[in-house]
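Engineer: As input, take final26.cif (mmCIF, C-alpha atoms):
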```cif
data_my_file
loop_
_atom_site.label_atom_id
_atom_site.label_comp_id
_atom_site.auth_asym_id
_atom_site.auth_seq_id
_atom_site.Cartn_x
_atom_site.Cartn_y
_atom_site.Cartn_z
CA ALA A 755 76.70 49.05 156.70
CA GLN A 756 77.76 52.66 157.03
CA SER A 757 81.07 53.15 158.83
CA VAL A 758 79.75 56.31 160.44
CA THR A 759 76.14 57.44 160.73
CA GLN A 760 74.91 60.87 161.71
CA LEU A 761 71.36 60.90 163.00
CA GLY A 762 69.38 63.86 161.79
CA SER A 763 70.28 65.92 158.73
CA HIS A 764 69.09 69.08 160.51
CA VAL A 765 69.10 70.07 164.18
CA SER A 766 67.44 73.27 165.34
CA VAL A 767 68.09 74.86 168.74
CA SER A 768 67.52 78.20 170.41
CA GLU A 769 70.43 80.43 171.30
CA GLY A 770 71.68 79.42 174.75
CA ALA A 771 70.25 75.90 174.56
CA LEU A 772 72.18 72.64 174.65
CA VAL A 773 73.56 71.39 171.35
CA LEU A 774 73.61 67.62 170.76
CA LEU A 775 74.69 66.20 167.41
CA ARG A 776 74.66 62.42 167.16
CA CYS A 777 77.23 60.15 165.55
CA ASN A 778 77.40 56.36 165.66
CA TYR A 779 80.20 54.32 164.16
CA SER A 780 80.60 50.74 163.06
CA SER A 781 82.23 48.61 165.74
CA SER A 782 84.59 47.19 163.09
CA VAL A 783 86.36 50.49 162.49
CA PRO A 784 89.49 51.55 164.32
CA PRO A 785 88.78 54.13 167.04
CA TYR A 786 90.06 57.16 165.20
CA LEU A 787 87.08 59.51 165.31
CA PHE A 788 86.79 63.16 164.33
CA TRP A 789 84.30 66.01 164.26
CA TYR A 790 84.65 68.77 161.68
CA VAL A 791 82.70 71.99 161.12
CA GLN A 792 82.01 73.64 157.78
CA TYR A 793 80.81 77.21 157.34
CA PRO A 794 79.14 78.21 154.05
CA ASN A 795 81.44 78.16 151.03
CA GLN A 796 84.43 77.09 153.09
CA GLY A 797 86.40 73.93 153.71
CA LEU A 798 86.12 71.78 156.82
CA GLN A 799 87.88 72.64 160.07
CA LEU A 800 88.76 70.16 162.77
CA LEU A 801 86.71 70.59 165.96
CA LEU A 802 88.12 67.68 167.94
CA LYS A 803 89.39 64.12 167.65
CA TYR A 804 89.51 60.92 169.66
CA THR A 805 92.37 58.48 169.19
CA THR A 806 93.44 57.05 172.55
CA GLY A 807 93.30 58.04 176.21
CA ALA A 808 90.54 60.04 177.86
CA THR A 809 87.15 59.30 176.37
CA LEU A 810 85.82 62.83 176.91
CA VAL A 811 87.46 65.04 174.33
CA LYS A 812 87.37 68.82 174.41
CA GLY A 813 87.59 70.81 171.21
CA ILE A 814 87.50 74.34 169.97
CA ASN A 815 84.62 76.81 170.42
CA GLY A 816 83.36 75.08 173.59
CA PHE A 817 82.46 71.77 171.90
CA GLU A 818 83.19 68.38 173.38
CA ALA A 819 82.48 64.75 172.51
CA GLU A 820 82.48 61.51 174.44
CA PHE A 821 83.70 58.22 172.98
CA LYS A 822 81.39 55.44 174.24
CA LYS A 823 82.59 52.08 173.03
CA SER A 824 79.64 50.19 174.53
CA GLU A 825 77.23 52.34 172.53
CA THR A 826 79.51 52.81 169.48
CA SER A 827 78.78 56.50 169.74
CA PHE A 828 80.73 59.75 169.52
CA HIS A 829 78.12 62.46 170.04
CA LEU A 830 79.09 66.13 169.90
CA THR A 831 77.77 68.53 172.54
CA LYS A 832 77.97 72.15 173.58
CA PRO A 833 76.25 73.44 176.73
CA SER A 834 75.04 76.73 175.27
CA ALA A 835 74.52 77.42 171.57
CA HIS A 836 75.64 80.66 170.01
CA MET A 837 74.42 82.14 166.74
CA SER A 838 77.91 81.72 165.33
CA ASP A 839 77.64 77.92 165.79
CA ALA A 840 75.23 77.68 162.87
CA ALA A 841 77.08 75.51 160.34
CA GLU A 842 77.35 71.99 158.91
CA TYR A 843 78.96 69.40 161.17
CA PHE A 844 80.58 66.18 160.00
CA CYS A 845 81.56 63.11 161.95
CA ALA A 846 84.42 61.11 160.40
CA VAL A 847 86.44 57.98 160.94
CA ASN A 848 89.76 56.84 159.45
CA LEU A 849 89.37 53.39 157.90
CA HIS A 850 92.16 50.92 157.14
CA ALA A 851 93.04 50.77 153.45
CA SER A 852 95.55 48.71 151.49
CA GLY A 853 99.23 49.08 152.24
CA GLY A 854 98.77 50.18 155.82
CA SER A 855 97.23 53.52 154.94
CA TYR A 856 94.03 55.06 156.27
CA ILE A 857 91.16 56.54 154.29
CA PRO A 858 88.91 59.13 155.91
CA THR A 859 85.18 58.40 155.69
CA PHE A 860 82.60 61.04 156.49
CA GLY A 861 79.03 60.95 157.68
CA ARG A 862 76.43 62.79 155.60
CA GLY A 863 76.57 65.83 157.85
CA THR A 864 74.17 67.60 160.21
CA SER A 865 73.14 71.17 159.64
CA LEU A 866 72.88 73.08 162.93
CA ILE A 867 70.34 75.90 162.93
CA VAL A 868 70.41 78.36 165.83
CA HIS A 869 67.36 80.53 166.49
CA PRO A 870 67.65 83.83 168.36
CA ASP B 50 101.16 80.00 157.98
CA GLY B 51 100.97 76.54 156.48
CA GLY B 52 97.84 75.50 154.70
CA ILE B 53 96.10 74.32 151.56
CA THR B 54 95.32 76.62 148.66
CA GLN B 55 92.67 75.77 146.11
CA SER B 56 92.16 77.77 142.95
CA PRO B 57 90.12 79.12 141.40
CA LYS B 58 87.33 79.67 143.91
CA TYR B 59 84.72 79.62 141.13
CA LEU B 60 85.00 77.84 137.78
CA PHE B 61 82.70 77.47 134.83
CA ARG B 62 82.83 74.65 132.31
CA LYS B 63 81.45 74.54 128.80
CA GLU B 64 80.07 71.38 127.26
CA GLY B 65 82.82 69.03 126.08
CA GLN B 66 85.54 70.92 127.92
CA ASN B 67 88.08 69.61 130.40
CA VAL B 68 88.89 71.83 133.37
CA THR B 69 91.61 71.54 135.98
CA LEU B 70 91.29 72.46 139.64
CA SER B 71 94.46 73.37 141.47
CA CYS B 72 95.45 72.23 144.97
CA GLU B 73 98.72 73.18 146.64
CA GLN B 74 99.83 72.50 150.22
CA ASN B 75 102.83 73.67 152.23
CA LEU B 76 102.22 71.46 155.25
CA ASN B 77 104.76 68.83 154.13
CA HIS B 78 101.98 66.23 154.17
CA ASP B 79 102.43 63.00 152.28
CA ALA B 80 98.73 62.25 151.68
CA MET B 81 96.33 64.33 149.60
CA TYR B 82 92.67 63.83 148.73
CA TRP B 83 89.94 65.17 146.48
CA TYR B 84 86.29 65.18 147.53
CA ARG B 85 83.10 66.16 145.82
CA GLN B 86 80.35 67.71 147.92
CA ASP B 87 76.71 67.83 146.84
CA PRO B 88 73.85 69.06 149.05
CA GLY B 89 72.70 66.36 151.46
CA GLN B 90 75.32 63.83 150.36
CA GLY B 91 78.27 64.70 152.53
CA LEU B 92 81.76 64.30 151.11
CA ARG B 93 82.48 61.66 148.49
CA LEU B 94 86.07 60.63 147.77
CA ILE B 95 87.20 61.04 144.16
CA TYR B 96 90.93 60.24 144.29
CA TYR B 97 93.64 60.07 146.90
CA SER B 98 97.40 59.91 146.91
CA GLN B 99 99.55 58.63 149.75
CA ILE B 100 102.88 59.38 148.08
CA VAL B 101 104.34 61.20 145.10
CA ASN B 102 103.78 59.51 141.71
CA ASP B 103 101.11 57.22 143.11
CA PHE B 104 97.35 57.64 143.49
CA GLN B 105 94.23 55.52 143.88
CA LYS B 106 90.63 55.81 142.83
CA GLY B 107 88.05 56.66 145.43
CA ASP B 108 84.33 55.97 145.35
CA ILE B 109 83.44 58.23 142.40
CA ALA B 110 86.53 58.44 140.16
CA GLU B 111 84.74 58.09 136.82
CA GLY B 112 85.09 61.22 134.70
CA TYR B 113 87.98 62.58 136.77
CA SER B 114 91.77 62.33 136.56
CA VAL B 115 94.65 63.41 138.81
CA SER B 116 98.42 63.59 138.91
CA ARG B 117 100.91 63.76 141.78
CA GLU B 118 104.24 64.83 140.34
CA LYS B 119 105.22 66.90 143.36
CA LYS B 120 104.54 66.43 147.04
CA GLU B 121 102.98 69.88 147.29
CA SER B 122 100.58 69.61 144.36
CA PHE B 123 97.59 67.40 143.52
CA PRO B 124 95.58 68.85 140.59
CA LEU B 125 92.20 67.41 139.63
CA THR B 126 90.95 67.39 136.04
CA VAL B 127 87.22 67.17 135.45
CA THR B 128 86.90 65.65 132.01
CA SER B 129 84.08 65.91 129.49
CA ALA B 130 83.16 62.33 130.47
CA GLN B 131 81.84 63.64 133.80
CA LYS B 132 78.27 64.41 132.83
CA ASN B 133 77.19 66.09 136.04
CA PRO B 134 80.20 68.06 137.24
CA THR B 135 78.34 70.86 139.04
CA ALA B 136 79.45 70.58 142.67
CA PHE B 137 81.71 71.96 145.38
CA TYR B 138 85.16 70.34 145.23
CA LEU B 139 87.37 70.09 148.30
CA CYS B 140 91.03 69.20 148.51
CA ALA B 141 92.56 67.90 151.73
CA SER B 142 95.86 66.64 153.05
CA SER B 143 97.11 64.68 156.04
CA ARG B 144 100.22 62.98 157.33
CA GLY B 145 100.83 59.77 155.47
CA GLU B 146 100.85 56.04 156.05
CA GLY B 147 100.46 54.71 159.56
CA SER B 148 98.85 57.92 160.70
CA GLY B 149 95.30 56.77 161.31
CA ASN B 150 95.05 59.19 164.20
CA GLN B 151 95.81 62.21 162.07
CA PRO B 152 93.06 64.61 160.96
CA GLN B 153 92.72 66.15 157.55
CA HIS B 154 93.40 69.74 156.63
CA PHE B 155 91.11 71.26 154.01
CA GLY B 156 91.30 73.98 151.42
CA ASP B 157 88.44 76.45 150.94
CA GLY B 158 87.06 74.64 147.92
CA THR B 159 86.30 75.31 144.26
CA ARG B 160 82.73 75.65 143.08
CA LEU B 161 82.31 74.30 139.56
CA SER B 162 79.31 75.13 137.43
CA ILE B 163 78.19 74.30 133.89
CA LEU B 164 77.71 77.12 131.39
#
```
For this file, produce the structure as structure tokens.

Structural biologist:
Amino acid sequence: AQSVTQLGSHVSVSEGALVLLRCNYSSSVPPYLFWYVQYPNQGLQLLLKYTTGATLVKGINGFEAEFKKSETSFHLTKPSAHMSDAAEYFCAVNLHASGGSYIPTFGRGTSLIVHP
Amino acid sequence: DGGITQSPKYLFRKEGQNVTLSCEQNLNHDAMYWYRQDPGQGLRLIYYSQIVNDFQKGDIAEGYSVSREKKESFPLTVTSAQKNPTAFYLCASSRGEGSGNQPQHFGDGTRLSIL
């Protein structure tokens, strides 16, 4: 089973509309969850992360995500889309590896398209 | 400012040739990673290193090699054994062992193409 699954390879919204990008994780993984954004021909940038504490996490650029253990979900939202939000978004989890280390594992990504 | 530098930004490989992609970080991170990105496939882990002079294979290590002689540097060699090397390659770093709550920091990538 996938450790992290992103539903929908493409999401299209109108400018000003709600953005919802879905991410579900395997219940066997430790609760270290991340969202990253990637603009064309660039590396990934951290949007936000959940490790412990408050389950509603606020990130940069007006994005937020809620950790829901009962639903094994960590969906990313933004109340009002802007043209500059058009990018690829990745959900990620840090998995236990040998020797006490952690290996990041990424979902396949969701491309956000914003229409004027 | 601290960060990760990948070079070159674009690279071309001839048949039968090995090429090396550079990755340098000044974040004082212990762990470094190499990913390959193909359209629609997300990021796939090639190699990672949690400490100097030690590294492990990721999911798609065949046809690639790495070294970690210095904390700051983690070069990736794409060998002639890698038959489909055309891709976008990303280097990342993070704080080391026991830091499952730490995010990764990424370079801006190297795009490798076949001549």

Engineer: Pick the closest to Phe137 in chain B from B:His154, B:Lys58, B:Lys119, B:His78: which is it, counting all atoms listed in the file?

Structural biologist: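 Of the candidates, the smallest distance to Phe137 in chain B is held by B:Lys58.
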
Engineer: Any idea what's packed within 8 Å of range 785-793 of chain A, counting all atoms listed in the file, ignoring anything in its chain fewer than 4 positions away? Could you give it as a ChimeraX atom specification?

Structural biologist: /A:797-806,828,830,840-848 /B:149-150,152

Engineer: Up to 6 Å from (98.9, 58.8, 152.8) in the file's coordinates: name the residues, counting all atoms listed in the file, as a PyMOL selection string.

Structural biologist: (chain A and resi 855) or (chain B and resi 79-80+99+145-146)

Engineer: Can I get the selection written as a tab-separated table (two decimals), in the coordinates of the input, with C-alpha atoms?

Structural biologist:
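And here's result-v3.tsv as it stands now:
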```tsv
chain	number	residue	atom	x	y	z
A	855	SER	CA	97.23	53.52	154.94
B	79	ASP	CA	102.43	63.00	152.28
B	80	ALA	CA	98.73	62.25	151.68
B	99	GLN	CA	99.55	58.63	149.75
B	145	GLY	CA	100.83	59.77	155.47
B	146	GLU	CA	100.85	56.04	156.05
```

Engineer: With all atoms listed in the file as the basis for distance, which of B:Gln153, B:Ile163, B:Ser116, B:Cys140 is at the shortest distance from Ser56 in chain B?

Structural biologist: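 Checking each candidate against Ser56 in chain B, we get B:Cys140 as the closest.
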
Engineer: Please measure the separation of CA of Met81 in chain B and CA of Val68 in chain B, giving the value in Å to one decimal.

Structural biologist: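 Interatomic distance here is 19.4 Å.
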
Engineer: Go ahead and compute the interatomic distance for CA of Lys812 in chain A and CA of Met837 in chain A, in Å to one decimal.

Structural biologist: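 Those two atoms sit 20.1 Å apart.
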
Engineer: To one decimal place, how far is CA of Thr69 in chain B from CA of Thr135 in chain B in Å?

Structural biologist: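 Those two atoms sit 13.6 Å apart.
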
Engineer: (81.9, 77.9, 145.6) in this file's frame - what residues fall within 7 Å of it? Use only C-alpha atoms and give the answer as a list of chain:residue names.

Structural biologist: A:Asn795, B:Lys58, B:Tyr59, B:Phe137, B:Gly158, B:Thr159, B:Arg160

Engineer: Using all atoms listed in the file, which residue out of B:Phe123, B:Tyr96, B:Phe155, B:Trp83 lies closest to Glu111 in chain B?

Structural biologist: B:Tyr96

Engineer: For Ile95 in chain B, which of B:Gln55, B:Phe61, B:Thr128, B:Leu139 is the closest residue, counting all atoms listed in the file?

Structural biologist: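 Checking each candidate against Ile95 in chain B, we get B:Leu139 as the closest.
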
Engineer: Translate the PyMOL selection byres ((chain B and resi 127) around 10) into a concrete residue list for this structure, as a list in words.

Structural biologist: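 Taken over the shown coordinates, the PyMOL selection byres ((chain B and resi 127) around 10) returns Arg62, Gln66, Asn67, Val68, Thr69, Leu70, Ala110, Glu111, Gly112, Tyr113, Ser114, Val115, Pro124, Leu125, Thr126, Thr128, Ser129, Ala130, Gln131, Lys132, Pro134 and Leu161 of chain B.
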
Engineer: Near Pro88 in chain B, within 10 Å and counting only C-alpha atoms, which residues show up once chain neighbours fewer than 5 positions away are dropped, as a list of chain:residue names?

Structural biologist: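 The contact residues come out as A:Arg862, A:Gly863, B:Ala136, B:Phe137.
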
Engineer: Can you write just those residues out, C-alpha atoms, as a compact mmCIF listing (two decimals), in the frame of the given file?

Structural biologist:
```txt
# COMPACT_ATOMS: atom_id res chain seq x y z
CA ARG A 862 76.43 62.79 155.60
CA GLY A 863 76.57 65.83 157.85
CA ALA B 136 79.45 70.58 142.67
CA PHE B 137 81.71 71.96 145.38
```

Engineer: Using the chain letters and numbers from the file, give me the residues hit by the PyMOL selection byres ((chain A and resi 836) around 10), as a list in words.

Structural biologist: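 Output of the PyMOL selection byres ((chain A and resi 836) around 10): Val767, Ser768, Glu769, Gly770, Ala771, Leu772, Val773, Asn815, Lys832, Pro833, Ser834, Ala835, Met837, Ser838, Asp839, Ala840, Val868, His869 and Pro870 of chain A.
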
Engineer: Determine the nearest neighbour of chain B from the options A:Ser827, A:Gln796, A:Ser781, A:Ser852, counting only C-alpha atoms.

Structural biologist: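 Of all the options, A:Gln796 lies closest to chain B.
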
Engineer: For the file shown, report as an mmCIF file with C-alpha atoms, keeping the file's coordinate frame the outcome of the PyMOL selection byres ((chain A and resi 779) around 6) at residue level.

Structural biologist:
```
data_model
loop_
_atom_site.group_PDB
_atom_site.id
_atom_site.type_symbol
_atom_site.label_atom_id
_atom_site.label_comp_id
_atom_site.auth_asym_id
_atom_site.auth_seq_id
_atom_site.Cartn_x
_atom_site.Cartn_y
_atom_site.Cartn_z
ATOM 1 C CA SER A 757 81.070 53.150 158.830
ATOM 2 C CA VAL A 758 79.750 56.310 160.440
ATOM 3 C CA ASN A 778 77.400 56.360 165.660
ATOM 4 C CA SER A 780 80.600 50.740 163.060
ATOM 5 C CA THR A 826 79.510 52.810 169.480
#
```

Engineer: Which one is closest to Ile109 in chain B: B:Thr54, B:Asn133, B:Ser122, B:Ser71? Count all atoms listed in the file.

Structural biologist: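 Among B:Thr54, B:Asn133, B:Ser122, B:Ser71, it is B:Asn133 that comes nearest to Ile109 in chain B.
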
Engineer: For range 770-781 of chain A, which lacks atoms in the input, supply all heavy atoms and format the output as a PDB file, keeping the file's coordinate frame.

Structural biologist:
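File written: result-v2.pdb
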```pdb
ATOM      1  N   GLY A 770      71.567  79.696 173.324  1.00  0.00           N
ATOM      2  CA  GLY A 770      71.680  79.420 174.750  1.00  0.00           C
ATOM      3  C   GLY A 770      71.297  78.011 175.152  1.00  0.00           C
ATOM      4  O   GLY A 770      71.572  77.584 176.278  1.00  0.00           O
ATOM      5  N   ALA A 771      70.671  77.271 174.266  1.00  0.00           N
ATOM      6  CA  ALA A 771      70.250  75.900 174.560  1.00  0.00           C
ATOM      7  C   ALA A 771      71.390  74.919 174.303  1.00  0.00           C
ATOM      8  O   ALA A 771      72.375  75.215 173.618  1.00  0.00           O
ATOM      9  CB  ALA A 771      69.039  75.525 173.709  1.00  0.00           C
ATOM     10  N   LEU A 772      71.204  73.705 174.849  1.00  0.00           N
ATOM     11  CA  LEU A 772      72.180  72.640 174.650  1.00  0.00           C
ATOM     12  C   LEU A 772      72.191  72.185 173.191  1.00  0.00           C
ATOM     13  O   LEU A 772      71.149  72.033 172.556  1.00  0.00           O
ATOM     14  CB  LEU A 772      71.816  71.447 175.540  1.00  0.00           C
ATOM     15  CG  LEU A 772      72.602  70.156 175.332  1.00  0.00           C
ATOM     16  CD1 LEU A 772      74.029  70.312 175.842  1.00  0.00           C
ATOM     17  CD2 LEU A 772      71.901  68.982 176.004  1.00  0.00           C
ATOM     18  N   VAL A 773      73.398  71.951 172.680  1.00  0.00           N
ATOM     19  CA  VAL A 773      73.560  71.390 171.350  1.00  0.00           C
ATOM     20  C   VAL A 773      73.965  69.916 171.488  1.00  0.00           C
ATOM     21  O   VAL A 773      74.889  69.594 172.242  1.00  0.00           O
ATOM     22  CB  VAL A 773      74.644  72.126 170.550  1.00  0.00           C
ATOM     23  CG1 VAL A 773      74.883  71.442 169.192  1.00  0.00           C
ATOM     24  CG2 VAL A 773      74.267  73.584 170.344  1.00  0.00           C
ATOM     25  N   LEU A 774      73.255  69.031 170.781  1.00  0.00           N
ATOM     26  CA  LEU A 774      73.610  67.620 170.760  1.00  0.00           C
ATOM     27  C   LEU A 774      73.523  67.128 169.330  1.00  0.00           C
ATOM     28  O   LEU A 774      72.448  67.092 168.733  1.00  0.00           O
ATOM     29  CB  LEU A 774      72.661  66.800 171.640  1.00  0.00           C
ATOM     30  CG  LEU A 774      72.781  65.268 171.539  1.00  0.00           C
ATOM     31  CD1 LEU A 774      74.176  64.803 171.919  1.00  0.00           C
ATOM     32  CD2 LEU A 774      71.723  64.580 172.392  1.00  0.00           C
ATOM     33  N   LEU A 775      74.644  66.752 168.766  1.00  0.00           N
ATOM     34  CA  LEU A 775      74.690  66.200 167.410  1.00  0.00           C
ATOM     35  C   LEU A 775      75.189  64.762 167.523  1.00  0.00           C
ATOM     36  O   LEU A 775      76.234  64.502 168.099  1.00  0.00           O
ATOM     37  CB  LEU A 775      75.635  67.018 166.520  1.00  0.00           C
ATOM     38  CG  LEU A 775      75.339  68.514 166.423  1.00  0.00           C
ATOM     39  CD1 LEU A 775      76.323  69.194 165.477  1.00  0.00           C
ATOM     40  CD2 LEU A 775      73.915  68.763 165.978  1.00  0.00           C
ATOM     41  N   ARG A 776      74.418  63.852 166.930  1.00  0.00           N
ATOM     42  CA  ARG A 776      74.660  62.420 167.160  1.00  0.00           C
ATOM     43  C   ARG A 776      75.500  61.787 166.062  1.00  0.00           C
ATOM     44  O   ARG A 776      75.301  62.067 164.866  1.00  0.00           O
ATOM     45  CB  ARG A 776      73.337  61.683 167.279  1.00  0.00           C
ATOM     46  CG  ARG A 776      72.476  62.164 168.429  1.00  0.00           C
ATOM     47  CD  ARG A 776      71.140  61.441 168.455  1.00  0.00           C
ATOM     48  NE  ARG A 776      70.256  62.014 169.466  1.00  0.00           N
ATOM     49  CZ  ARG A 776      70.247  61.639 170.730  1.00  0.00           C
ATOM     50  NH1 ARG A 776      71.069  60.677 171.139  1.00  0.00           N
ATOM     51  NH2 ARG A 776      69.416  62.200 171.592  1.00  0.00           N
ATOM     52  N   CYS A 777      76.387  60.898 166.481  1.00  0.00           N
ATOM     53  CA  CYS A 777      77.230  60.150 165.550  1.00  0.00           C
ATOM     54  C   CYS A 777      77.429  58.747 166.112  1.00  0.00           C
ATOM     55  O   CYS A 777      77.850  58.585 167.256  1.00  0.00           O
ATOM     56  CB  CYS A 777      78.573  60.830 165.360  1.00  0.00           C
ATOM     57  SG  CYS A 777      79.756  59.884 164.358  1.00  0.00           S
ATOM     58  N   ASN A 778      77.118  57.748 165.307  1.00  0.00           N
ATOM     59  CA  ASN A 778      77.400  56.360 165.660  1.00  0.00           C
ATOM     60  C   ASN A 778      78.333  55.762 164.622  1.00  0.00           C
ATOM     61  O   ASN A 778      78.236  56.074 163.444  1.00  0.00           O
ATOM     62  CB  ASN A 778      76.106  55.549 165.740  1.00  0.00           C
ATOM     63  CG  ASN A 778      75.292  55.902 166.952  1.00  0.00           C
ATOM     64  OD1 ASN A 778      74.458  56.801 166.912  1.00  0.00           O
ATOM     65  ND2 ASN A 778      75.536  55.204 168.043  1.00  0.00           N
ATOM     66  N   TYR A 779      79.219  54.901 165.065  1.00  0.00           N
ATOM     67  CA  TYR A 779      80.200  54.320 164.160  1.00  0.00           C
ATOM     68  C   TYR A 779      80.088  52.808 164.186  1.00  0.00           C
ATOM     69  O   TYR A 779      79.589  52.211 165.138  1.00  0.00           O
ATOM     70  CB  TYR A 779      81.612  54.767 164.542  1.00  0.00           C
ATOM     71  CG  TYR A 779      82.046  54.309 165.915  1.00  0.00           C
ATOM     72  CD1 TYR A 779      82.722  53.110 166.093  1.00  0.00           C
ATOM     73  CD2 TYR A 779      81.746  55.071 167.039  1.00  0.00           C
ATOM     74  CE1 TYR A 779      83.091  52.675 167.338  1.00  0.00           C
ATOM     75  CE2 TYR A 779      82.112  54.647 168.299  1.00  0.00           C
ATOM     76  CZ  TYR A 779      82.782  53.451 168.445  1.00  0.00           C
ATOM     77  OH  TYR A 779      83.145  53.014 169.693  1.00  0.00           O
ATOM     78  N   SER A 780      80.563  52.190 163.123  1.00  0.00           N
ATOM     79  CA  SER A 780      80.600  50.740 163.060  1.00  0.00           C
ATOM     80  C   SER A 780      81.650  50.202 164.017  1.00  0.00           C
ATOM     81  O   SER A 780      82.752  50.732 164.094  1.00  0.00           O
ATOM     82  CB  SER A 780      80.914  50.293 161.632  1.00  0.00           C
ATOM     83  OG  SER A 780      81.195  48.910 161.587  1.00  0.00           O
ATOM     84  N   SER A 781      81.306  49.170 164.748  1.00  0.00           N
ATOM     85  CA  SER A 781      82.230  48.610 165.740  1.00  0.00           C
ATOM     86  C   SER A 781      83.475  47.988 165.093  1.00  0.00           C
ATOM     87  O   SER A 781      84.454  47.719 165.774  1.00  0.00           O
ATOM     88  CB  SER A 781      81.531  47.550 166.593  1.00  0.00           C
ATOM     89  OG  SER A 781      81.037  46.518 165.756  1.00  0.00           O
TER      90      SER A 781
END
```
